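Here is the file work-v2.pdb (PDB, C-alpha atoms).
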ATOM      1  CA  ALA F   1      -9.725 -11.230  11.688
ATOM      2  CA  GLN F   2      -6.465 -10.727   9.880
ATOM      3  CA  ARG F   3      -3.939  -8.302  11.282
ATOM      4  CA  VAL F   4      -0.399  -7.133  10.594
ATOM      5  CA  THR F   5       1.679  -5.594  13.353
ATOM      6  CA  GLN F   6       4.877  -3.631  12.974
ATOM      7  CA  PRO F   7       5.888  -2.707  16.514
ATOM      8  CA  GLU F   8       8.552  -0.159  15.617
ATOM      9  CA  LYS F   9       7.617   3.188  14.118
ATOM     10  CA  LEU F  10      11.232   4.215  13.721
ATOM     11  CA  LEU F  11      14.460   2.297  13.479
ATOM     12  CA  SER F  12      17.737   4.190  13.338
ATOM     13  CA  VAL F  13      21.056   2.556  12.593
ATOM     14  CA  PHE F  14      24.465   3.530  11.328
ATOM     15  CA  LYS F  15      25.715   2.534   7.911
ATOM     16  CA  GLY F  16      27.097  -0.986   7.936
ATOM     17  CA  ALA F  17      25.062  -2.102  10.942
ATOM     18  CA  PRO F  18      22.632  -5.011  10.708
ATOM     19  CA  VAL F  19      18.953  -4.226  10.344
ATOM     20  CA  GLU F  20      15.865  -6.159  11.359
ATOM     21  CA  LEU F  21      12.412  -4.737  10.815
ATOM     22  CA  LYS F  22       9.826  -6.714  12.703
ATOM     23  CA  CYS F  23       6.501  -7.887  11.370
ATOM     24  CA  ASN F  24       3.970 -10.172  13.029
ATOM     25  CA  TYR F  25       0.703 -11.302  11.561
ATOM     26  CA  SER F  26      -2.556 -12.894  12.551
ATOM     27  CA  TYR F  27      -4.471 -14.885   9.964
ATOM     28  CA  SER F  28      -6.520 -18.046  10.111
ATOM     29  CA  GLY F  29      -5.720 -19.097   6.547
ATOM     30  CA  SER F  30      -2.499 -19.864   4.748
ATOM     31  CA  PRO F  31      -0.514 -16.618   4.898
ATOM     32  CA  GLU F  32       1.119 -14.852   2.000
ATOM     33  CA  LEU F  33       3.360 -12.067   3.194
ATOM     34  CA  PHE F  34       5.019  -9.143   1.449
ATOM     35  CA  TRP F  35       7.351  -6.290   2.224
ATOM     36  CA  TYR F  36       6.723  -2.988   0.469
ATOM     37  CA  VAL F  37       9.067  -0.006   0.528
ATOM     38  CA  GLN F  38       8.413   3.680  -0.002
ATOM     39  CA  TYR F  39      11.412   5.891  -0.611
ATOM     40  CA  SER F  40      11.142   9.618  -0.014
ATOM     41  CA  ARG F  41       8.718  11.257  -2.441
ATOM     42  CA  GLN F  42       8.169   8.003  -4.309
ATOM     43  CA  ARG F  43       5.313   5.568  -4.552
ATOM     44  CA  LEU F  44       4.930   2.329  -2.709
ATOM     45  CA  GLN F  45       6.719  -0.538  -4.403
ATOM     46  CA  LEU F  46       7.071  -4.232  -3.773
ATOM     47  CA  LEU F  47      10.357  -5.197  -2.174
ATOM     48  CA  LEU F  48       9.921  -8.918  -1.738
ATOM     49  CA  ARG F  49       7.411 -11.657  -1.048
ATOM     50  CA  HIS F  50       7.853 -14.753   1.054
ATOM     51  CA  ILE F  51       6.913 -17.117  -1.743
ATOM     52  CA  SER F  52       9.894 -16.031  -3.822
ATOM     53  CA  ARG F  53      12.388 -16.652  -1.036
ATOM     54  CA  GLU F  54      14.745 -14.236  -2.755
ATOM     55  CA  SER F  55      17.091 -11.502  -1.660
ATOM     56  CA  ILE F  56      16.363  -8.042  -2.993
ATOM     57  CA  LYS F  57      18.849  -5.216  -2.433
ATOM     58  CA  GLY F  58      20.436  -7.394   0.230
ATOM     59  CA  PHE F  59      17.183  -7.785   2.156
ATOM     60  CA  THR F  60      15.721 -11.143   3.075
ATOM     61  CA  ALA F  61      12.644 -12.185   4.991
ATOM     62  CA  ASP F  62      11.674 -15.609   6.236
ATOM     63  CA  LEU F  63       8.157 -16.617   7.082
ATOM     64  CA  ASN F  64       8.020 -18.227  10.521
ATOM     65  CA  LYS F  65       4.607 -19.758  10.917
ATOM     66  CA  GLY F  66       5.298 -20.876  14.468
ATOM     67  CA  GLU F  67       6.005 -17.338  15.586
ATOM     68  CA  THR F  68       3.663 -15.816  12.968
ATOM     69  CA  SER F  69       6.438 -13.493  11.929
ATOM     70  CA  PHE F  70       7.953 -12.208   8.711
ATOM     71  CA  HIS F  71      10.852 -10.041   9.812
ATOM     72  CA  LEU F  72      12.901  -8.161   7.213
ATOM     73  CA  LYS F  73      16.650  -8.377   7.595
ATOM     74  CA  LYS F  74      19.769  -6.959   6.040
ATOM     75  CA  PRO F  75      23.255  -7.672   7.365
ATOM     76  CA  PHE F  76      24.809  -4.334   6.422
ATOM     77  CA  ALA F  77      22.576  -1.290   6.079
ATOM     78  CA  GLN F  78      23.284   1.372   3.464
ATOM     79  CA  GLU F  79      22.249   5.016   3.501
ATOM     80  CA  GLU F  80      20.077   4.442   0.440
ATOM     81  CA  ASP F  81      18.034   1.948   2.436
ATOM     82  CA  SER F  82      16.486   4.831   4.365
ATOM     83  CA  ALA F  83      12.774   4.612   3.625
ATOM     84  CA  MET F  84       9.393   3.618   4.970
ATOM     85  CA  TYR F  85       8.843  -0.134   5.059
ATOM     86  CA  TYR F  86       5.427  -1.762   5.179
ATOM     87  CA  CYS F  87       4.688  -5.391   5.852
ATOM     88  CA  ALA F  88       1.549  -6.679   4.157
ATOM     89  CA  LEU F  89      -0.580  -9.818   4.260
ATOM     90  CA  ARG F  90      -2.694 -11.022   1.370
ATOM     91  CA  TYR F  91      -6.108 -12.418   2.211
ATOM     92  CA  ASN F  92      -9.274 -13.308   0.313
ATOM     93  CA  THR F  93      -7.256 -14.045  -2.813
ATOM     94  CA  ASP F  94      -6.181 -10.547  -3.743
ATOM     95  CA  LYS F  95      -6.704  -8.093  -0.883
ATOM     96  CA  LEU F  96      -3.813  -6.668   1.082
ATOM     97  CA  ILE F  97      -3.745  -5.551   4.680
ATOM     98  CA  PHE F  98      -0.795  -3.407   5.664
ATOM     99  CA  GLY F  99       1.034  -2.845   8.896
ATOM    100  CA  THR F 100       1.523   0.678  10.161
ATOM    101  CA  GLY F 101       5.010   0.840   8.734
ATOM    102  CA  THR F 102       8.510   1.313  10.092
ATOM    103  CA  ARG F 103      10.690   4.208   9.103
ATOM    104  CA  LEU F 104      14.283   3.112   8.678
ATOM    105  CA  GLN F 105      16.923   5.784   9.042
ATOM    106  CA  VAL F 106      20.481   4.855   8.141
ATOM    107  CA  PHE F 107      23.057   7.379   9.283
ATOM    108  CA  PRO F 108      26.447   7.752   7.607
TER     109      PRO F 108
ATOM    110  CA  GLY R 109       6.845  -1.312 -17.149
ATOM    111  CA  ALA R 110       3.793  -1.624 -14.870
ATOM    112  CA  VAL R 111       3.298   2.051 -14.156
ATOM    113  CA  VAL R 112       0.201   3.404 -12.481
ATOM    114  CA  SER R 113      -0.623   7.088 -12.547
ATOM    115  CA  GLN R 114      -3.072   9.148 -10.543
ATOM    116  CA  HIS R 115      -4.586  12.495 -11.335
ATOM    117  CA  PRO R 116      -4.640  14.939  -9.745
ATOM    118  CA  SER R 117      -1.697  14.596  -7.388
ATOM    119  CA  TRP R 118      -3.335  17.003  -4.999
ATOM    120  CA  VAL R 119      -6.650  18.804  -4.801
ATOM    121  CA  ILE R 120      -8.249  21.329  -2.515
ATOM    122  CA  CYS R 121     -12.001  21.705  -2.543
ATOM    123  CA  LYS R 122     -14.785  23.323  -0.579
ATOM    124  CA  SER R 123     -16.989  21.350   1.739
ATOM    125  CA  GLY R 124     -20.031  19.972  -0.055
ATOM    126  CA  THR R 125     -18.443  19.656  -3.458
ATOM    127  CA  SER R 126     -17.509  16.443  -5.231
ATOM    128  CA  VAL R 127     -14.032  15.466  -6.303
ATOM    129  CA  LYS R 128     -12.997  12.891  -8.874
ATOM    130  CA  ILE R 129      -9.666  11.094  -8.746
ATOM    131  CA  GLU R 130      -8.406   9.086 -11.712
ATOM    132  CA  CYS R 131      -6.216   6.013 -11.609
ATOM    133  CA  ARG R 132      -4.669   4.748 -14.825
ATOM    134  CA  SER R 133      -2.510   1.784 -15.682
ATOM    135  CA  LEU R 134      -0.192   3.154 -18.350
ATOM    136  CA  ASP R 135       1.387   0.099 -19.893
ATOM    137  CA  PHE R 136      -0.733  -2.841 -18.885
ATOM    138  CA  GLN R 137      -4.347  -3.824 -18.618
ATOM    139  CA  ALA R 138      -5.571  -3.860 -15.059
ATOM    140  CA  THR R 139      -8.294  -6.394 -14.462
ATOM    141  CA  THR R 140      -8.544  -5.297 -10.860
ATOM    142  CA  MET R 141      -7.904  -1.966  -9.202
ATOM    143  CA  PHE R 142      -7.841  -1.155  -5.526
ATOM    144  CA  TRP R 143      -8.452   2.081  -3.679
ATOM    145  CA  TYR R 144      -6.753   2.805  -0.385
ATOM    146  CA  ARG R 145      -6.900   5.633   2.084
ATOM    147  CA  GLN R 146      -4.034   6.726   4.269
ATOM    148  CA  PHE R 147      -4.285   9.104   7.183
ATOM    149  CA  PRO R 148      -1.145  10.882   8.408
ATOM    150  CA  LYS R 149       1.306   8.538  10.069
ATOM    151  CA  GLN R 150      -1.082   5.628   9.630
ATOM    152  CA  SER R 151      -1.189   2.628   7.368
ATOM    153  CA  LEU R 152      -2.973   2.189   4.071
ATOM    154  CA  MET R 153      -6.540   1.052   4.550
ATOM    155  CA  LEU R 154      -8.294  -0.739   1.721
ATOM    156  CA  MET R 155     -11.495   1.026   0.778
ATOM    157  CA  ALA R 156     -12.730  -0.951  -2.188
ATOM    158  CA  THR R 157     -11.852  -3.368  -4.943
ATOM    159  CA  SER R 158     -13.035  -2.773  -8.466
ATOM    160  CA  ASN R 159     -13.069  -5.111 -11.411
ATOM    161  CA  GLU R 160     -13.484  -3.827 -14.934
ATOM    162  CA  GLY R 161     -17.091  -3.774 -16.001
ATOM    163  CA  SER R 162     -18.589  -4.702 -12.649
ATOM    164  CA  LYS R 163     -19.584  -2.974  -9.452
ATOM    165  CA  ALA R 164     -16.946  -2.252  -6.877
ATOM    166  CA  THR R 165     -16.758  -4.246  -3.663
ATOM    167  CA  TYR R 166     -16.482  -2.001  -0.641
ATOM    168  CA  GLU R 167     -14.826  -2.829   2.640
ATOM    169  CA  GLN R 168     -16.841  -2.770   5.820
ATOM    170  CA  GLY R 169     -17.429   0.745   7.051
ATOM    171  CA  VAL R 170     -16.843   2.419   3.686
ATOM    172  CA  GLU R 171     -19.903   4.225   2.362
ATOM    173  CA  LYS R 172     -20.441   3.268  -1.248
ATOM    174  CA  ASP R 173     -22.668   6.266  -1.875
ATOM    175  CA  LYS R 174     -19.983   8.545  -0.509
ATOM    176  CA  PHE R 175     -17.101   7.053  -2.440
ATOM    177  CA  LEU R 176     -18.252   6.241  -5.957
ATOM    178  CA  ILE R 177     -15.968   3.967  -7.916
ATOM    179  CA  ASN R 178     -16.143   3.395 -11.630
ATOM    180  CA  HIS R 179     -13.903   0.973 -13.516
ATOM    181  CA  ALA R 180     -15.103   1.492 -17.036
ATOM    182  CA  SER R 181     -12.052   0.229 -18.865
ATOM    183  CA  LEU R 182      -9.056  -2.000 -18.296
ATOM    184  CA  THR R 183      -6.815   1.022 -17.847
ATOM    185  CA  LEU R 184      -8.952   3.482 -15.897
ATOM    186  CA  SER R 185     -10.698   3.548 -12.559
ATOM    187  CA  THR R 186     -12.128   6.645 -10.931
ATOM    188  CA  LEU R 187     -12.956   7.441  -7.335
ATOM    189  CA  THR R 188     -15.441  10.242  -6.739
ATOM    190  CA  VAL R 189     -15.729  11.645  -3.250
ATOM    191  CA  THR R 190     -19.244  13.030  -3.148
ATOM    192  CA  SER R 191     -20.309  15.926  -0.944
ATOM    193  CA  ALA R 192     -16.870  16.090   0.561
ATOM    194  CA  HIS R 193     -16.364  17.138   4.151
ATOM    195  CA  PRO R 194     -13.199  18.044   6.057
ATOM    196  CA  GLU R 195     -13.047  14.568   7.571
ATOM    197  CA  ASP R 196     -12.640  13.184   4.058
ATOM    198  CA  SER R 197      -9.300  14.944   3.807
ATOM    199  CA  SER R 198      -6.743  12.224   3.337
ATOM    200  CA  PHE R 199      -4.240  10.632   0.983
ATOM    201  CA  TYR R 200      -5.940   8.372  -1.526
ATOM    202  CA  ILE R 201      -3.854   5.722  -3.258
ATOM    203  CA  CYS R 202      -4.839   3.344  -6.002
ATOM    204  CA  SER R 203      -3.189   0.163  -7.125
ATOM    205  CA  ALA R 204      -3.697  -1.994 -10.153
ATOM    206  CA  ARG R 205      -3.257  -5.688 -10.720
ATOM    207  CA  GLY R 206      -2.721  -7.041 -14.199
ATOM    208  CA  GLY R 207      -4.182 -10.108 -15.785
ATOM    209  CA  SER R 208      -2.548 -13.226 -17.148
ATOM    210  CA  GLY R 209      -2.029 -14.680 -13.707
ATOM    211  CA  SER R 210      -0.203 -11.655 -12.355
ATOM    212  CA  ASP R 211      -0.916 -11.093  -8.696
ATOM    213  CA  THR R 212       1.364  -8.147  -8.071
ATOM    214  CA  GLN R 213      -0.254  -4.845  -7.180
ATOM    215  CA  TYR R 214       1.364  -1.768  -8.665
ATOM    216  CA  PHE R 215       0.721   1.426  -6.786
ATOM    217  CA  GLY R 216      -0.017   4.913  -7.959
ATOM    218  CA  PRO R 217       1.706   7.930  -6.427
ATOM    219  CA  GLY R 218      -1.385   8.951  -4.474
ATOM    220  CA  THR R 219      -3.678  11.965  -4.388
ATOM    221  CA  ARG R 220      -3.741  14.378  -1.479
ATOM    222  CA  LEU R 221      -7.294  15.633  -0.879
ATOM    223  CA  THR R 222      -7.887  18.623   1.364
ATOM    224  CA  VAL R 223     -11.464  19.655   2.044
ATOM    225  CA  LEU R 224     -11.902  23.132   3.456
TER     226      LEU R 224
END

Hey, can you dump this file as structure tokens for me?
Amino acid sequence: AQRVTQPEKLLSVFKGAPVELKCNYSYSGSPELFWYVQYSRQRLQLLLRHISRESIKGFTADLNKGETSFHLKKPFAQEEDSAMYYCALRYNTDKLIFGTGTRLQVFP
Amino acid sequence: GAVVSQHPSWVICKSGTSVKIECRSLDFQATTMFWYRQFPKQSLMLMATSNEGSKATYEQGVEKDKFLINHASLTLSTLTVTSAHPEDSSFYICSARGGSGSDTQYFGPGTRLTVL
């Protein structure tokens, strides 16, 4: 069965420090991975997807099929990056399974 | 664009009553809507997928008679929690996916249900 694992519940860094939020997946098919972000008191929104191979708000994520990982990275964290981040895997065409989320706290 | 609303944002009800939650796509037509449930400090769990004009598809372990889903139009889906019990208390979130090849899910703000 498909599974998404985010091992860290909380990640705290200081402003300007590099950030890596880990995500590992298990899926027998061809994976399509996403990162969603939820800022305080706001709804869940798409941050980026692996297919796009783009950088959004300075964040990037590379799909590593060998390690079944899709870690989210940013070289220099900003205070406004503080939020809840969810990694998600699409399966069966249009269903999403989410990881348990990682709360990123960026201190000034 | 691509805004999804939910109503109500929170609701408190007595055990045994039914509660209806609405999910609307405000500026696009949603061919498919999804209903999720989120317990405190846990992830979103997909409950069901609904396509306009057809019966919803429920995930394993989700009681279809308990959680009634209606997707009567391309902009509205409703989730009715029937005969609610305290264990149904949770955060219910909907998402909507548009047509024309769009595969992005846009999420509503969620509805907090508390059953006394």

Take every atom of range 133-147 of chain R listed in the file, pad by 6 Å on each side, and give me the axis-aligned box centre and edge lengths in Å, one decimal, as lines of an AutoDock Vina configuration file.
center_x = -3.6
center_y = 1.4
center_z = -6.4
size_x = 21.9
size_y = 27.5
size_z = 39.1

### Query
So, counting only C-alpha atoms, which residue among R:Val119, R:Val170, R:Val111, R:Leu134 is closest to chain F?
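Of R:Val119, R:Val170, R:Val111, R:Leu134, the one nearest chain F is R:Val111, counting only C-alpha atoms.
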
Show me, as a tab-separated table, the residues of range 40-64 of chain F having an atom within 10 Å of range 78-83 of chain F, each with the closest atom pair and its distance in Å, using only C-alpha atoms.
residue	atom	partner	partner_atom	distance
F:Ser40	CA	F:Ala83	CA	6.4
F:Arg41	CA	F:Ala83	CA	9.9
F:Gln42	CA	F:Ala83	CA	9.8
F:Lys57	CA	F:Asp81	CA	8.7
F:Gly58	CA	F:Gln78	CA	9.8
F:Phe59	CA	F:Asp81	CA	9.8

### Query
Taking the file as shown, what set of residues would the ChimeraX specification (/F :<7) & /R give back, as a VMD selection string?
chain R and resid 150 to 152 214 to 217

### Message
Residues within 7 Å of Glu167 in chain R, please, as a PyMOL selection string. Count all atoms listed in the file; anything in the same chain fewer than 5 positions from it doesn't count.
### Response
chain R and resi 154-156

Specify as a PDB file with C-alpha atoms, in the coordinates of the input each residue included when the PyMOL selection byres ((chain R and resi 206) around 12) is applied to this file.
ATOM      1  CA  ASP F  94      -6.181 -10.547  -3.743  1.00  0.00           C
TER       2      ASP F  94
ATOM      3  CA  GLY R 109       6.845  -1.312 -17.149  1.00  0.00           C
ATOM      4  CA  ALA R 110       3.793  -1.624 -14.870  1.00  0.00           C
ATOM      5  CA  VAL R 111       3.298   2.051 -14.156  1.00  0.00           C
ATOM      6  CA  VAL R 112       0.201   3.404 -12.481  1.00  0.00           C
ATOM      7  CA  ARG R 132      -4.669   4.748 -14.825  1.00  0.00           C
ATOM      8  CA  SER R 133      -2.510   1.784 -15.682  1.00  0.00           C
ATOM      9  CA  LEU R 134      -0.192   3.154 -18.350  1.00  0.00           C
ATOM     10  CA  ASP R 135       1.387   0.099 -19.893  1.00  0.00           C
ATOM     11  CA  PHE R 136      -0.733  -2.841 -18.885  1.00  0.00           C
ATOM     12  CA  GLN R 137      -4.347  -3.824 -18.618  1.00  0.00           C
ATOM     13  CA  ALA R 138      -5.571  -3.860 -15.059  1.00  0.00           C
ATOM     14  CA  THR R 139      -8.294  -6.394 -14.462  1.00  0.00           C
ATOM     15  CA  THR R 140      -8.544  -5.297 -10.860  1.00  0.00           C
ATOM     16  CA  MET R 141      -7.904  -1.966  -9.202  1.00  0.00           C
ATOM     17  CA  PHE R 142      -7.841  -1.155  -5.526  1.00  0.00           C
ATOM     18  CA  ASN R 159     -13.069  -5.111 -11.411  1.00  0.00           C
ATOM     19  CA  GLU R 160     -13.484  -3.827 -14.934  1.00  0.00           C
ATOM     20  CA  LEU R 182      -9.056  -2.000 -18.296  1.00  0.00           C
ATOM     21  CA  THR R 183      -6.815   1.022 -17.847  1.00  0.00           C
ATOM     22  CA  SER R 203      -3.189   0.163  -7.125  1.00  0.00           C
ATOM     23  CA  ALA R 204      -3.697  -1.994 -10.153  1.00  0.00           C
ATOM     24  CA  ARG R 205      -3.257  -5.688 -10.720  1.00  0.00           C
ATOM     25  CA  GLY R 207      -4.182 -10.108 -15.785  1.00  0.00           C
ATOM     26  CA  SER R 208      -2.548 -13.226 -17.148  1.00  0.00           C
ATOM     27  CA  GLY R 209      -2.029 -14.680 -13.707  1.00  0.00           C
ATOM     28  CA  SER R 210      -0.203 -11.655 -12.355  1.00  0.00           C
ATOM     29  CA  ASP R 211      -0.916 -11.093  -8.696  1.00  0.00           C
ATOM     30  CA  THR R 212       1.364  -8.147  -8.071  1.00  0.00           C
ATOM     31  CA  GLN R 213      -0.254  -4.845  -7.180  1.00  0.00           C
ATOM     32  CA  TYR R 214       1.364  -1.768  -8.665  1.00  0.00           C
ATOM     33  CA  PHE R 215       0.721   1.426  -6.786  1.00  0.00           C
TER      34      PHE R 215
END

#### Entry: Interatomic distance (Å, one decimal) between CA of Tyr39 in chain F and CA of Gly218 in chain R
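CA of Gly218 in chain R lies 13.7 Å from CA of Tyr39 in chain F.
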
### Task
Could you tell me which of F:Ala77, F:Val4, F:Val19, F:Leu33 comes closest to Leu47 in chain F if we count all atoms listed in the file?
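Among the listed residues, the smallest separation from Leu47 in chain F belongs to F:Leu33.
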
### Query
Could you name the residues that touch range 184-197 of chain R at 6 Å or less, counting all atoms listed in the file, but leaving out those on the same chain fewer than 4 positions away, as a count of residues only?
20

### Query
Could you pull the residues within 8 Å of Phe107 in chain F, counting only C-alpha atoms, minus those fewer than 3 positions along the same chain, as number ranges by chain?
F: 12-15, 79

### Message
With distances taken over all atoms listed in the file, which residue among R:Ser181, R:Gln168, R:Thr219, R:Ser117 lies nearest Met153 in chain R?
### Response
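That would be R:Gln168, the residue with the smallest distance to Met153 in chain R.
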
### Task
Using the chain letters and numbers from the file, give me the residues hit by the PyMOL selection byres ((chain F and resi 5) around 7), as a PyMOL selection string.
chain F and resi 3-4+6-7+23-25+99
